[in-house]
$ cat protein-v7.txt   # compact mmCIF, C-alpha atoms and all ligand atoms
# COMPACT_ATOMS: atom_id res chain seq x y z
CA MET T 1 -118.33 8.43 176.43
CA THR T 2 -119.18 8.66 180.14
CA PRO T 3 -122.86 8.28 181.06
CA LEU T 4 -124.18 10.69 183.69
CA TYR T 5 -125.84 9.38 186.85
CA ASP T 6 -127.82 10.70 189.81
CA GLU T 7 -124.74 12.15 191.50
CA ASP T 8 -123.93 14.22 188.38
CA ALA T 9 -127.29 16.02 188.54
CA ASP T 10 -128.16 18.99 190.74
CA PRO T 11 -131.93 18.83 191.34
CA SER T 12 -131.97 22.45 192.54
CA PHE T 13 -131.90 23.58 188.90
CA ILE T 14 -135.51 22.44 188.51
CA GLU T 15 -136.77 22.75 192.09
CA ASP T 16 -138.20 26.26 191.83
CA LYS T 17 -139.41 25.89 188.26
CA THR T 18 -142.80 25.10 186.79
CA VAL T 19 -142.75 22.58 183.97
CA ALA T 20 -145.49 22.57 181.33
CA VAL T 21 -145.77 19.15 179.73
CA ILE T 22 -147.62 19.66 176.43
CA GLY T 23 -149.56 16.52 175.47
CA TYR T 24 -150.56 13.56 177.62
CA GLY T 25 -149.76 10.57 175.42
CA SER T 26 -147.10 7.90 175.85
CA GLN T 27 -144.25 10.23 176.91
CA GLY T 28 -146.41 13.07 178.23
CA GLU T 29 -148.14 11.00 180.88
CA ALA T 30 -144.97 9.23 181.99
CA GLN T 31 -142.77 12.32 182.19
CA ALA T 32 -145.45 14.49 183.85
CA ARG T 33 -146.17 11.90 186.53
CA ASN T 34 -142.50 11.21 187.23
CA LEU T 35 -141.74 14.93 187.50
CA HIS T 36 -144.71 15.38 189.84
CA ASP T 37 -143.70 12.45 192.05
CA SER T 38 -140.18 13.93 192.20
CA GLY T 39 -141.67 17.10 193.70
CA VAL T 40 -141.48 19.27 190.58
CA ASP T 41 -144.36 21.71 189.94
CA VAL T 42 -146.04 20.38 186.79
CA VAL T 43 -148.90 21.64 184.66
CA VAL T 44 -150.14 19.53 181.76
CA GLY T 45 -151.01 21.58 178.67
CA LEU T 46 -153.86 20.16 176.62
CA ARG T 47 -156.00 21.31 173.73
CA GLU T 48 -159.63 22.35 174.15
CA GLY T 49 -161.83 19.32 174.87
CA SER T 50 -158.93 16.87 175.22
CA SER T 51 -159.97 13.40 176.34
CA SER T 52 -156.82 13.15 178.48
CA ARG T 53 -158.00 15.85 180.88
CA ASP T 54 -159.73 13.54 183.34
CA ASP T 55 -156.84 11.06 183.26
CA ALA T 56 -154.29 13.73 184.13
CA ARG T 57 -156.52 15.08 186.92
CA GLU T 58 -157.04 11.60 188.34
CA HIS T 59 -153.26 11.26 188.40
CA GLY T 60 -153.14 14.32 190.66
CA LEU T 61 -151.85 16.73 188.02
CA ASP T 62 -152.79 20.31 187.24
CA VAL T 63 -154.27 20.72 183.78
CA ALA T 64 -154.62 23.85 181.66
CA LYS T 65 -155.10 24.79 178.04
CA THR T 66 -151.74 24.87 176.29
CA PRO T 67 -151.33 28.68 176.07
CA LYS T 68 -152.05 29.10 179.80
CA ALA T 69 -149.76 26.24 180.75
CA VAL T 70 -146.90 27.73 178.73
CA LYS T 71 -147.48 31.19 180.17
CA ARG T 72 -147.33 29.82 183.72
CA ALA T 73 -144.30 27.63 183.14
CA ASP T 74 -140.55 28.25 183.00
CA VAL T 75 -139.88 24.99 181.20
CA VAL T 76 -141.99 23.71 178.31
CA GLN T 77 -141.64 20.07 177.27
CA MET T 78 -143.18 19.42 173.82
CA LEU T 79 -144.77 15.95 173.91
CA VAL T 80 -147.47 16.13 171.26
CA PRO T 81 -146.76 14.04 168.13
CA ASP T 82 -143.80 15.31 166.10
CA THR T 83 -146.03 15.94 163.09
CA VAL T 84 -148.32 18.33 164.99
CA GLN T 85 -145.60 20.07 167.05
CA PRO T 86 -144.94 22.89 164.54
CA ALA T 87 -148.61 23.96 164.47
CA VAL T 88 -149.02 23.68 168.26
CA TYR T 89 -145.77 25.60 168.71
CA ASP T 90 -146.71 28.45 166.35
CA GLU T 91 -150.22 28.88 167.65
CA HIS T 92 -150.01 28.16 171.37
CA VAL T 93 -146.41 27.98 172.58
CA LYS T 94 -144.37 30.67 170.86
CA PRO T 95 -146.63 33.62 171.78
CA ASN T 96 -146.42 32.61 175.46
CA LEU T 97 -142.70 31.98 175.86
CA ASP T 98 -140.92 34.44 178.13
CA GLU T 99 -137.27 35.38 178.16
CA ASP T 100 -135.11 32.74 179.91
CA ASP T 101 -137.78 30.02 179.58
CA ALA T 102 -136.58 26.63 178.39
CA LEU T 103 -138.12 24.88 175.39
CA MET T 104 -137.63 21.12 175.60
CA PHE T 105 -138.12 18.14 173.33
CA SER T 106 -137.81 14.35 173.53
CA HIS T 107 -136.90 14.03 169.85
CA GLY T 108 -134.91 16.42 167.69
CA PHE T 109 -136.79 16.25 164.36
CA ASN T 110 -138.52 19.64 164.40
CA ILE T 111 -135.49 21.59 165.57
CA HIS T 112 -132.98 19.75 163.41
CA TYR T 113 -135.07 20.11 160.25
CA SER T 114 -136.05 23.71 161.15
CA GLN T 115 -139.79 23.06 161.45
CA ILE T 116 -139.64 24.95 164.75
CA ARG T 117 -137.39 28.02 165.02
CA PRO T 118 -137.29 29.20 168.64
CA PRO T 119 -136.42 32.79 169.53
CA GLU T 120 -132.86 33.44 170.75
CA TYR T 121 -134.05 34.46 174.24
CA VAL T 122 -134.89 30.90 175.41
CA ASP T 123 -132.89 27.76 176.12
CA VAL T 124 -133.51 24.86 173.73
CA LEU T 125 -132.68 21.36 174.93
CA MET T 126 -133.63 17.74 174.70
CA VAL T 127 -134.13 15.05 177.29
CA ALA T 128 -135.14 11.89 175.47
CA PRO T 129 -135.83 8.68 177.35
CA LYS T 130 -134.68 5.79 175.18
CA SER T 131 -137.87 3.82 175.71
CA PRO T 132 -141.64 3.95 175.35
CA GLY T 133 -143.52 5.96 177.96
CA ASP T 134 -145.02 3.05 179.86
CA LEU T 135 -141.52 1.81 180.74
CA VAL T 136 -140.43 5.34 181.71
CA ARG T 137 -143.23 5.23 184.29
CA GLN T 138 -142.97 1.60 185.42
CA THR T 139 -139.22 1.70 185.99
CA TYR T 140 -139.51 5.00 187.90
CA GLU T 141 -142.20 3.54 190.17
CA ARG T 142 -139.96 0.66 191.17
CA GLY T 143 -137.07 3.01 191.94
CA ASP T 144 -135.26 2.43 188.66
CA GLY T 145 -135.19 4.28 185.36
CA VAL T 146 -134.59 4.01 181.63
CA PRO T 147 -131.49 5.38 179.89
CA GLY T 148 -131.82 8.85 178.41
CA LEU T 149 -130.20 11.31 176.02
CA LEU T 150 -129.37 14.92 176.79
CA ALA T 151 -128.65 17.59 174.18
CA VAL T 152 -128.41 21.36 174.32
CA GLU T 153 -129.17 23.25 171.11
CA GLN T 154 -129.27 26.78 172.51
CA ASP T 155 -127.92 27.90 175.88
CA HIS T 156 -129.32 31.38 176.46
CA THR T 157 -129.24 31.28 180.26
CA GLY T 158 -125.97 29.40 180.67
CA ASP T 159 -127.85 26.79 182.73
CA ALA T 160 -129.39 24.69 179.95
CA ARG T 161 -127.23 21.61 180.56
CA ASP T 162 -127.79 21.71 184.32
CA LEU T 163 -131.52 22.11 183.80
CA GLY T 164 -131.55 19.15 181.40
CA LEU T 165 -129.67 16.97 183.88
CA ALA T 166 -132.04 17.98 186.69
CA TYR T 167 -135.00 17.14 184.43
CA ALA T 168 -133.45 13.77 183.50
CA HIS T 169 -132.93 13.16 187.22
CA ALA T 170 -136.57 13.98 188.01
CA ILE T 171 -137.95 11.55 185.42
CA GLY T 172 -135.58 8.77 186.56
CA CYS T 173 -133.16 8.66 183.62
CA THR T 174 -130.02 9.41 185.66
CA ARG T 175 -130.73 6.27 187.71
CA SER T 176 -129.92 4.30 184.60
CA GLY T 177 -127.48 6.59 182.78
CA VAL T 178 -127.75 9.67 180.55
CA ILE T 179 -125.64 10.10 177.45
CA GLU T 180 -124.84 13.53 176.01
CA THR T 181 -125.48 14.03 172.33
CA THR T 182 -126.63 16.67 169.84
CA PHE T 183 -130.00 17.29 168.18
CA ARG T 184 -128.44 16.28 164.87
CA GLU T 185 -127.00 13.01 166.12
CA GLU T 186 -130.15 12.01 168.02
CA THR T 187 -132.44 12.81 165.09
CA GLU T 188 -130.38 11.15 162.39
CA THR T 189 -129.57 7.99 164.35
CA ASP T 190 -133.18 7.69 165.57
CA LEU T 191 -134.58 7.93 162.03
CA PHE T 192 -131.94 5.64 160.57
CA GLY T 193 -132.42 3.06 163.34
CA GLU T 194 -136.18 2.87 162.93
CA GLN T 195 -135.92 2.72 159.13
CA ALA T 196 -132.97 0.36 158.74
CA ILE T 197 -133.52 -2.16 161.51
CA LEU T 198 -136.01 -1.57 164.33
CA CYS T 199 -139.10 -1.11 162.21
CA GLY T 200 -138.36 -1.00 158.46
CA GLY T 201 -135.62 -3.59 158.09
CA THR T 202 -137.16 -6.02 160.55
CA SER T 203 -140.67 -5.84 159.08
CA ALA T 204 -139.35 -6.26 155.55
CA LEU T 205 -137.14 -9.21 156.49
CA ILE T 206 -140.01 -10.90 158.37
CA LYS T 207 -142.29 -10.51 155.34
CA ALA T 208 -139.65 -11.56 152.80
CA SER T 209 -138.63 -14.70 154.69
CA PHE T 210 -142.28 -15.59 155.42
CA GLU T 211 -143.10 -15.24 151.70
CA THR T 212 -140.07 -17.32 150.74
CA LEU T 213 -141.29 -20.27 152.83
CA VAL T 214 -144.94 -19.95 151.79
CA ASP T 215 -144.04 -19.62 148.09
CA ALA T 216 -141.96 -22.77 148.42
CA GLY T 217 -145.04 -24.66 149.64
CA TYR T 218 -144.57 -24.65 153.41
CA SER T 219 -147.56 -23.96 155.61
CA PRO T 220 -148.15 -20.30 156.51
CA GLU T 221 -148.49 -21.31 160.17
CA MET T 222 -145.02 -22.88 160.22
CA ALA T 223 -143.67 -19.89 158.32
CA TYR T 224 -145.19 -17.50 160.85
CA PHE T 225 -143.66 -19.33 163.81
CA GLU T 226 -140.21 -19.43 162.23
CA CYS T 227 -140.07 -15.96 160.67
CA ALA T 228 -142.03 -13.82 163.12
CA ASN T 229 -142.98 -15.42 166.41
CA GLU T 230 -139.55 -16.77 167.40
CA LEU T 231 -137.93 -13.41 166.78
CA LYS T 232 -138.91 -12.26 170.27
CA LEU T 233 -136.93 -15.03 171.92
CA ILE T 234 -133.82 -14.15 169.94
CA VAL T 235 -134.18 -10.41 170.55
CA ASP T 236 -134.57 -11.05 174.29
CA LEU T 237 -131.27 -12.95 174.26
CA ILE T 238 -129.56 -10.10 172.37
CA PHE T 239 -131.02 -7.58 174.82
CA GLU T 240 -129.52 -9.51 177.73
CA GLY T 241 -126.17 -10.59 176.32
CA GLY T 242 -125.53 -9.01 172.94
CA LEU T 243 -124.90 -11.07 169.83
CA SER T 244 -122.39 -13.34 171.54
CA GLY T 245 -124.76 -13.93 174.46
CA MET T 246 -127.47 -14.89 171.98
CA ARG T 247 -125.07 -17.25 170.19
CA ASP T 248 -124.20 -18.95 173.48
CA ASN T 249 -127.86 -19.86 173.79
CA ILE T 250 -128.64 -21.24 170.33
CA SER T 251 -127.58 -24.56 168.84
CA ASP T 252 -124.23 -24.87 167.05
CA THR T 253 -126.18 -25.55 163.87
CA ALA T 254 -128.13 -22.32 164.24
CA GLU T 255 -124.92 -20.48 165.01
CA TYR T 256 -123.11 -21.85 161.94
CA GLY T 257 -126.10 -20.84 159.77
CA ASP T 258 -126.04 -17.40 161.39
CA LEU T 259 -122.33 -16.89 160.74
CA THR T 260 -122.28 -18.18 157.17
CA ARG T 261 -125.74 -17.28 155.78
CA GLY T 262 -126.44 -14.01 157.60
CA PRO T 263 -123.84 -12.07 155.58
CA ARG T 264 -125.30 -13.51 152.36
CA VAL T 265 -128.78 -12.23 153.28
CA ILE T 266 -127.40 -8.81 154.19
CA ASP T 267 -124.95 -8.58 151.30
CA ASP T 268 -123.16 -5.62 149.67
CA ASP T 269 -126.32 -4.60 147.79
CA VAL T 270 -128.21 -4.34 151.06
CA ARG T 271 -125.33 -2.34 152.54
CA ASP T 272 -125.56 0.06 149.61
CA ASN T 273 -129.27 0.42 150.34
CA LEU T 274 -128.48 1.19 153.98
CA ASP T 275 -126.05 3.90 152.86
CA GLU T 276 -128.76 5.40 150.66
CA VAL T 277 -131.32 5.38 153.46
CA LEU T 278 -128.82 7.11 155.75
CA GLU T 279 -128.02 9.69 153.08
CA GLU T 280 -131.70 10.59 152.68
CA VAL T 281 -131.91 11.11 156.44
CA GLN T 282 -128.75 13.26 156.44
CA ASN T 283 -129.59 15.43 153.42
CA GLY T 284 -133.15 16.07 154.64
CA GLU T 285 -134.84 14.21 151.77
CA PHE T 286 -136.72 11.86 154.10
CA ALA T 287 -137.83 14.75 156.31
CA ARG T 288 -139.10 16.76 153.33
CA GLU T 289 -140.96 13.74 151.98
CA TRP T 290 -142.63 13.05 155.35
CA ILE T 291 -143.56 16.70 155.92
CA ASN T 292 -145.12 16.90 152.42
CA GLU T 293 -146.89 13.58 152.98
CA ASN T 294 -148.49 14.99 156.13
CA GLN T 295 -149.45 18.23 154.43
CA ALA T 296 -151.16 16.21 151.68
CA GLY T 297 -153.21 14.20 154.20
CA ARG T 298 -150.98 11.09 154.17
CA PRO T 299 -152.09 9.45 150.88
CA SER T 300 -149.10 7.09 150.50
CA TYR T 301 -148.89 6.35 154.20
CA ASN T 302 -152.54 5.25 154.28
CA GLN T 303 -152.25 3.21 151.11
CA LEU T 304 -149.07 1.39 152.15
CA LYS T 305 -150.43 0.71 155.61
CA GLU T 306 -153.67 -0.73 154.23
CA ARG T 307 -151.79 -2.92 151.78
CA ASP T 308 -149.65 -4.41 154.55
CA GLU T 309 -152.66 -4.97 156.78
CA GLU T 310 -154.11 -7.22 154.05
CA HIS T 311 -150.96 -9.37 153.87
CA LEU T 312 -151.42 -13.08 154.57
CA ILE T 313 -149.00 -12.84 157.50
CA GLU T 314 -151.54 -10.71 159.38
CA ASP T 315 -154.34 -13.29 159.12
CA VAL T 316 -152.12 -16.21 160.04
CA GLY T 317 -150.47 -14.27 162.85
CA GLY T 318 -153.79 -13.15 164.29
CA GLU T 319 -155.13 -16.70 164.41
CA LEU T 320 -151.97 -18.16 165.88
CA ARG T 321 -151.68 -15.48 168.53
CA SER T 322 -155.27 -15.97 169.69
CA LEU T 323 -154.70 -19.73 169.75
CA MET T 324 -151.53 -19.33 171.79
CA THR T 325 -153.29 -17.07 174.30
CA SER T 326 -156.09 -19.58 174.78
CA VAL T 327 -153.53 -22.36 175.16
CA GLN T 328 -151.79 -20.28 177.84
CA GLU T 329 -155.09 -19.56 179.59
CA ASP T 330 -155.87 -23.28 179.71
P1 LIG T 401 -148.31 10.23 171.57
O1 LIG T 401 -148.85 10.12 170.20
O2 LIG T 401 -148.32 9.05 172.46
O3 LIG T 401 -149.06 11.36 172.39
C1 LIG T 401 -149.30 12.62 171.92
C2 LIG T 401 -150.34 13.34 172.73
O4 LIG T 401 -150.60 14.58 172.13
C3 LIG T 401 -151.66 12.60 172.81
O5 LIG T 401 -152.17 12.71 174.12
C4 LIG T 401 -152.55 13.37 171.84
O6 LIG T 401 -153.89 13.33 172.19
C5 LIG T 401 -151.99 14.77 171.99
N1 LIG T 401 -152.24 15.59 170.81
C6 LIG T 401 -152.34 15.21 169.54
N2 LIG T 401 -152.56 16.26 168.73
C7 LIG T 401 -152.62 17.35 169.55
C8 LIG T 401 -152.82 18.73 169.34
N3 LIG T 401 -153.05 19.23 168.12
N4 LIG T 401 -152.78 19.54 170.42
C9 LIG T 401 -152.56 19.06 171.65
N5 LIG T 401 -152.37 17.76 171.91
C10 LIG T 401 -152.40 16.92 170.87
O7 LIG T 401 -146.84 10.85 171.43
P2 LIG T 401 -145.49 10.27 172.05
O8 LIG T 401 -145.18 8.96 171.41
O9 LIG T 401 -145.56 10.36 173.52
O10 LIG T 401 -144.43 11.30 171.46
C11 LIG T 401 -144.21 12.57 172.04
C12 LIG T 401 -142.76 12.95 171.77
O11 LIG T 401 -141.90 12.03 172.43
C13 LIG T 401 -142.38 12.92 170.31
O12 LIG T 401 -141.47 13.96 170.07
C14 LIG T 401 -141.69 11.59 170.17
O13 LIG T 401 -140.75 11.54 169.09
C15 LIG T 401 -140.98 11.51 171.50
N6 LIG T 401 -140.60 10.15 171.94
C16 LIG T 401 -141.52 9.16 171.94
C17 LIG T 401 -141.16 7.90 172.38
C18 LIG T 401 -142.15 6.77 172.43
O14 LIG T 401 -141.72 5.63 172.60
N7 LIG T 401 -143.47 6.98 172.33
C19 LIG T 401 -139.84 7.66 172.83
C20 LIG T 401 -138.93 8.72 172.86
C21 LIG T 401 -139.33 9.96 172.40
MG MG T 402 -143.61 31.12 180.78
MG MG T 403 -138.30 7.86 166.36
MG MG T 404 -136.54 5.90 168.75
MG MG T 405 -135.49 -23.37 164.90
$ encode --input "protein-v7.txt" --output "structure tokens" --more "lines below"
Ligand code: NAD
Ligand code: MG
Ligand code: MG
Ligand code: MG
Ligand code: MG
Amino acid sequence: MTPLYDEDADPSFIEDKTVAVIGYGSQGEAQARNLHDSGVDVVVGLREGSSSRDDAREHGLDVAKTPKAVKRADVVQMLVPDTVQPAVYDEHVKPNLDEDDALMFSHGFNIHYSQIRPPEYVDVLMVAPKSPGDLVRQTYERGDGVPGLLAVEQDHTGDARDLGLAYAHAIGCTRSGVIETTFREETETDLFGEQAILCGGTSALIKASFETLVDAGYSPEMAYFECANELKLIVDLIFEGGLSGMRDNISDTAEYGDLTRGPRVIDDDVRDNLDEVLEEVQNGEFAREWINENQAGRPSYNQLKERDEEHLIEDVGGELRSLMTSVQED
């Protein structure tokens, strides 16, 4: 797999286009501002009465209601939350798409699971920065960028890939490297990653190991330091040097425990669970469940979230974090 860089992009594919960025949240703000600073004509599409209007204006951007923004634009980047995209698309975007426009996304969920079905007369593509919006903006401002993904779902004009690369260039992603993928691969790996490790697996392992120490009579404060707080230091080492780089920086005792006990914690049963989680992503079961959950007003989501917010680890963590901040301030 060869990443694509600045020299692989031809900025002329976006130079004479108007881009409507729909939504001004984490990604919307970052992408709109980077595009604008790269000289691309940008209009931010917002809903009636949006509180982001003044922010976007202060940042020097044109703002319009979503239908007007889409009508004016040649390229429409959908950056409202994934769960509201289908409704925004049906009501405000679809009726205003013209032939040869490009419909863009930064995550493939709604296309891959057919929650949005674009007409055949537009290009459909994805440019997805692999990072939160604030980093997309900060790295761009210092002349750098975050890695990105590029995928073309529908190439009506024949220029969809070139347009995507020019877009990735304008938001700074080709400074760091852009990898080509598909909507399916991006969606399924993104969901699996956040469920298995980044969010789900990590949260569950933090809670389970914290509970193990506390149930065995150790102090919750010690348990919090060991099972939650120190994780950042280890993840930073992995970010810089991979697993072997991390292992070079921990004690031999920690490393021996890692090598011998890690595989017992994540044993064959856990691997079977991972397979199951992946299967539910692949066969659409997770997507159906989440779509229904949203349609029902998120009853389980709210209940599970509330339950976790009442967990002992939250109280202990809150106190320790405020203590650590005041220690640092001293
Ligand atoms: P966000 O929640 O930060 O922002 C969404 C914006 O849409 C907000 O300004 C909100 O006010 C606005 N909005 C909400 N409902 C609306 C409606 N009905 N009509 C118009 N505007 C509405 O969203 P985000 O995290 O920037 O995600 C946008 C897209 O980017 C998603 O597809 C997401 O998967 C993708 N993405 C996000 C990240 C990330 O780290 N945040 C990373 C890569 C890709
Ligand atoms: Mg248009
Ligand atoms: Mg995701
Ligand atoms: Mg992700
Ligand atoms: Mg230790």
$ residues_near_ligand --input "protein-v7.txt" --ligand "ligand MG 403 (chain T)" --cutoff "9 Å" --atoms "all atoms listed in the file" --output "PyMOL selection string"
chain T and resi 107+109+187+189-194
$ residues_around --input "protein-v7.txt" --residues "Glu186 (chain T)" --least-positions-apart "2" --cutoff "10 Å" --atoms "only C-alpha atoms" --output "mmCIF file with C-alpha atoms, in the coordinates of the input"
data_model
loop_
_atom_site.group_PDB
_atom_site.id
_atom_site.type_symbol
_atom_site.label_atom_id
_atom_site.label_comp_id
_atom_site.auth_asym_id
_atom_site.auth_seq_id
_atom_site.Cartn_x
_atom_site.Cartn_y
_atom_site.Cartn_z
ATOM 1 C CA SER T 106 -137.810 14.350 173.530
ATOM 2 C CA HIS T 107 -136.900 14.030 169.850
ATOM 3 C CA GLY T 108 -134.910 16.420 167.690
ATOM 4 C CA PHE T 109 -136.790 16.250 164.360
ATOM 5 C CA HIS T 112 -132.980 19.750 163.410
ATOM 6 C CA MET T 126 -133.630 17.740 174.700
ATOM 7 C CA ALA T 128 -135.140 11.890 175.470
ATOM 8 C CA LEU T 149 -130.200 11.310 176.020
ATOM 9 C CA LEU T 150 -129.370 14.920 176.790
ATOM 10 C CA ALA T 151 -128.650 17.590 174.180
ATOM 11 C CA GLU T 180 -124.840 13.530 176.010
ATOM 12 C CA THR T 181 -125.480 14.030 172.330
ATOM 13 C CA THR T 182 -126.630 16.670 169.840
ATOM 14 C CA PHE T 183 -130.000 17.290 168.180
ATOM 15 C CA ARG T 184 -128.440 16.280 164.870
ATOM 16 C CA GLU T 188 -130.380 11.150 162.390
ATOM 17 C CA THR T 189 -129.570 7.990 164.350
ATOM 18 C CA ASP T 190 -133.180 7.690 165.570
ATOM 19 C CA LEU T 191 -134.580 7.930 162.030
ATOM 20 C CA PHE T 192 -131.940 5.640 160.570
#
$ residues_near_point --input "protein-v7.txt" --point "(-128.7, 9.0, 152.9)" --cutoff "12 Å" --atoms "only C-alpha atoms" --output "list of chain:residue names"
T:Glu188, T:Thr189, T:Leu191, T:Phe192, T:Gln195, T:Ala196, T:Arg271, T:Asp272, T:Asn273, T:Leu274, T:Asp275, T:Glu276, T:Val277, T:Leu278, T:Glu279, T:Glu280, T:Val281, T:Gln282, T:Asn283, T:Gly284, T:Glu285, T:Phe286, T:Ala287
$ residues_near_ligand --input "protein-v7.txt" --ligand "ligand MG 405 (chain T)" --cutoff "12 Å" --atoms "only C-alpha atoms and all ligand atoms" --output "PyMOL selection string"
chain T and resi 222-223+225-231+233-234+250-255+257-258
$ atom_distance --input "protein-v7.txt" --atom1 "CA of Asn34 (chain T)" --atom2 "CA of Glu141 (chain T)"
8.2 Å
$ residues_around --input "protein-v7.txt" --residues "Glu99 (chain T)" --least-positions-apart "5" --cutoff "10 Å" --atoms "only C-alpha atoms" --output "ChimeraX atom specification"
/T:74,119-123,156-157
$ closest_residue --input "protein-v7.txt" --among "T:Arg307, T:His169, T:Arg288, T:Arg298" --to "Asp10 (chain T)" --atoms "all atoms listed in the file"
T:His169
$ atom_distance --input "protein-v7.txt" --atom1 "CA of Val80 (chain T)" --atom2 "atom C4 of ligand LIG 401 (chain T)"
5.8 Å
$ closest_atom_pairs --input "protein-v7.txt" --of "region 159-202 of chain T" --to "region 12-25 of chain T" --cutoff "7 Å" --atoms "only C-alpha atoms" --output "JSON lines"
{"residue": "T:Asp162", "atom": "CA", "partner": "T:Phe13", "partner_atom": "CA", "distance": 6.4}
{"residue": "T:Leu163", "atom": "CA", "partner": "T:Phe13", "partner_atom": "CA", "distance": 5.3}
{"residue": "T:Ala166", "atom": "CA", "partner": "T:Ile14", "partner_atom": "CA", "distance": 5.9}
{"residue": "T:Tyr167", "atom": "CA", "partner": "T:Ile14", "partner_atom": "CA", "distance": 6.7}
$ axis_aligned_box --input "protein-v7.txt" --around "region 82-85 of chain T" --padding-each-side "3 Å" --output "lines of an AutoDock Vina configuration file"
center_x = -146.1
center_y = 17.7
center_z = 165.1
size_x = 10.5
size_y = 10.8
size_z = 10.0
$ residues_near_ligand --input "protein-v7.txt" --ligand "ligand MG 402 (chain T)" --cutoff "9 Å" --atoms "all atoms listed in the file" --output "list in words"
Thr18, Ala20, Lys68, Ala69, Val70, Lys71, Arg72, Ala73, Asp74, Val75, Val76, Asn96, Leu97, Asp98, Glu99, Asp100, Asp101 and Ala102 of chain T
$ residues_near_ligand --input "protein-v7.txt" --ligand "ligand LIG 401 (chain T)" --cutoff "10 Å" --atoms "all atoms listed in the file" --output "MDAnalysis selection string"
chainID T and resid 22:31 45:53 65:66 77:89 92 104:110 126:136 148:149 187 190
$ atom_distance --input "protein-v7.txt" --atom1 "CA of Val124 (chain T)" --atom2 "CA of Glu153 (chain T)"
5.3 Å
$ closest_residue --input "protein-v7.txt" --among "T:Gly297, T:Gly217, T:Pro3, T:Pro95" --to "Val178 (chain T)" --atoms "all atoms listed in the file"
T:Pro3
$ closest_residue --input "protein-v7.txt" --among "T:Arg175, T:His311, T:Arg117, T:Arg247" --to "Val235 (chain T)" --atoms "all atoms listed in the file"
T:Arg247
$ closest_residue --input "protein-v7.txt" --among "T:Leu198, T:Glu289, T:Arg261, T:Asp267" --to "ligand MG 404 (chain T)" --atoms "all atoms listed in the file"
T:Leu198
$ closest_residue --input "protein-v7.txt" --among "T:Met324, T:Lys232, T:Gly241, T:Asp90" --to "Gln115 (chain T)" --atoms "only C-alpha atoms"
T:Asp90
$ closest_residue --input "protein-v7.txt" --among "T:Ile238, T:Tyr140, T:Ile197, T:Trp290" --to "ligand MG 404 (chain T)" --atoms "only C-alpha atoms and all ligand atoms"
T:Ile197
$ residues_around --input "protein-v7.txt" --residues "region 203-210 of chain T" --least-positions-apart "3" --cutoff "8 Å" --atoms "all atoms listed in the file" --output "number ranges by chain"
T: 199-200, 213-214, 220, 223-224, 227-228, 313
$ decode --input "protein-v7.txt" --residues "region 274-286 of chain T" --atoms "N, CA and C atoms" --output "PDB file, in the first residue's frame"
ATOM      1  N   LEU T 274     -14.253 -11.283  20.036  1.00  0.00           N
ATOM      2  CA  LEU T 274     -13.843 -10.310  19.010  1.00  0.00           C
ATOM      3  C   LEU T 274     -14.392 -10.711  17.644  1.00  0.00           C
ATOM      4  N   ASP T 275     -14.315 -12.018  17.346  1.00  0.00           N
ATOM      5  CA  ASP T 275     -14.866 -12.506  16.069  1.00  0.00           C
ATOM      6  C   ASP T 275     -16.350 -12.195  15.966  1.00  0.00           C
ATOM      7  N   GLU T 276     -17.063 -12.382  17.077  1.00  0.00           N
ATOM      8  CA  GLU T 276     -18.503 -12.141  17.088  1.00  0.00           C
ATOM      9  C   GLU T 276     -18.819 -10.661  16.853  1.00  0.00           C
ATOM     10  N   VAL T 277     -18.060  -9.806  17.546  1.00  0.00           N
ATOM     11  CA  VAL T 277     -18.257  -8.366  17.396  1.00  0.00           C
ATOM     12  C   VAL T 277     -18.020  -7.960  15.940  1.00  0.00           C
ATOM     13  N   LEU T 278     -16.974  -8.519  15.331  1.00  0.00           N
ATOM     14  CA  LEU T 278     -16.683  -8.204  13.930  1.00  0.00           C
ATOM     15  C   LEU T 278     -17.809  -8.699  13.010  1.00  0.00           C
ATOM     16  N   GLU T 279     -18.305  -9.891  13.310  1.00  0.00           N
ATOM     17  CA  GLU T 279     -19.382 -10.451  12.488  1.00  0.00           C
ATOM     18  C   GLU T 279     -20.620  -9.556  12.514  1.00  0.00           C
ATOM     19  N   GLU T 280     -20.950  -9.031  13.694  1.00  0.00           N
ATOM     20  CA  GLU T 280     -22.134  -8.168  13.810  1.00  0.00           C
ATOM     21  C   GLU T 280     -21.944  -6.849  13.056  1.00  0.00           C
ATOM     22  N   VAL T 281     -20.695  -6.411  12.955  1.00  0.00           N
ATOM     23  CA  VAL T 281     -20.410  -5.228  12.139  1.00  0.00           C
ATOM     24  C   VAL T 281     -20.590  -5.593  10.660  1.00  0.00           C
ATOM     25  N   GLN T 282     -20.037  -6.748  10.277  1.00  0.00           N
ATOM     26  CA  GLN T 282     -20.055  -7.138   8.856  1.00  0.00           C
ATOM     27  C   GLN T 282     -21.448  -7.484   8.348  1.00  0.00           C
ATOM     28  N   ASN T 283     -22.254  -8.167   9.192  1.00  0.00           N
ATOM     29  CA  ASN T 283     -23.579  -8.569   8.695  1.00  0.00           C
ATOM     30  C   ASN T 283     -24.646  -7.498   8.911  1.00  0.00           C
ATOM     31  N   GLY T 284     -24.242  -6.338   9.445  1.00  0.00           N
ATOM     32  CA  GLY T 284     -25.178  -5.216   9.569  1.00  0.00           C
ATOM     33  C   GLY T 284     -26.014  -5.240  10.846  1.00  0.00           C
ATOM     34  N   GLU T 285     -25.780  -6.264  11.698  1.00  0.00           N
ATOM     35  CA  GLU T 285     -26.582  -6.363  12.922  1.00  0.00           C
ATOM     36  C   GLU T 285     -26.344  -5.166  13.846  1.00  0.00           C
ATOM     37  N   PHE T 286     -25.071  -4.783  14.002  1.00  0.00           N
ATOM     38  CA  PHE T 286     -24.793  -3.619  14.863  1.00  0.00           C
ATOM     39  C   PHE T 286     -25.454  -2.368  14.299  1.00  0.00           C
TER      40      PHE T 286
END
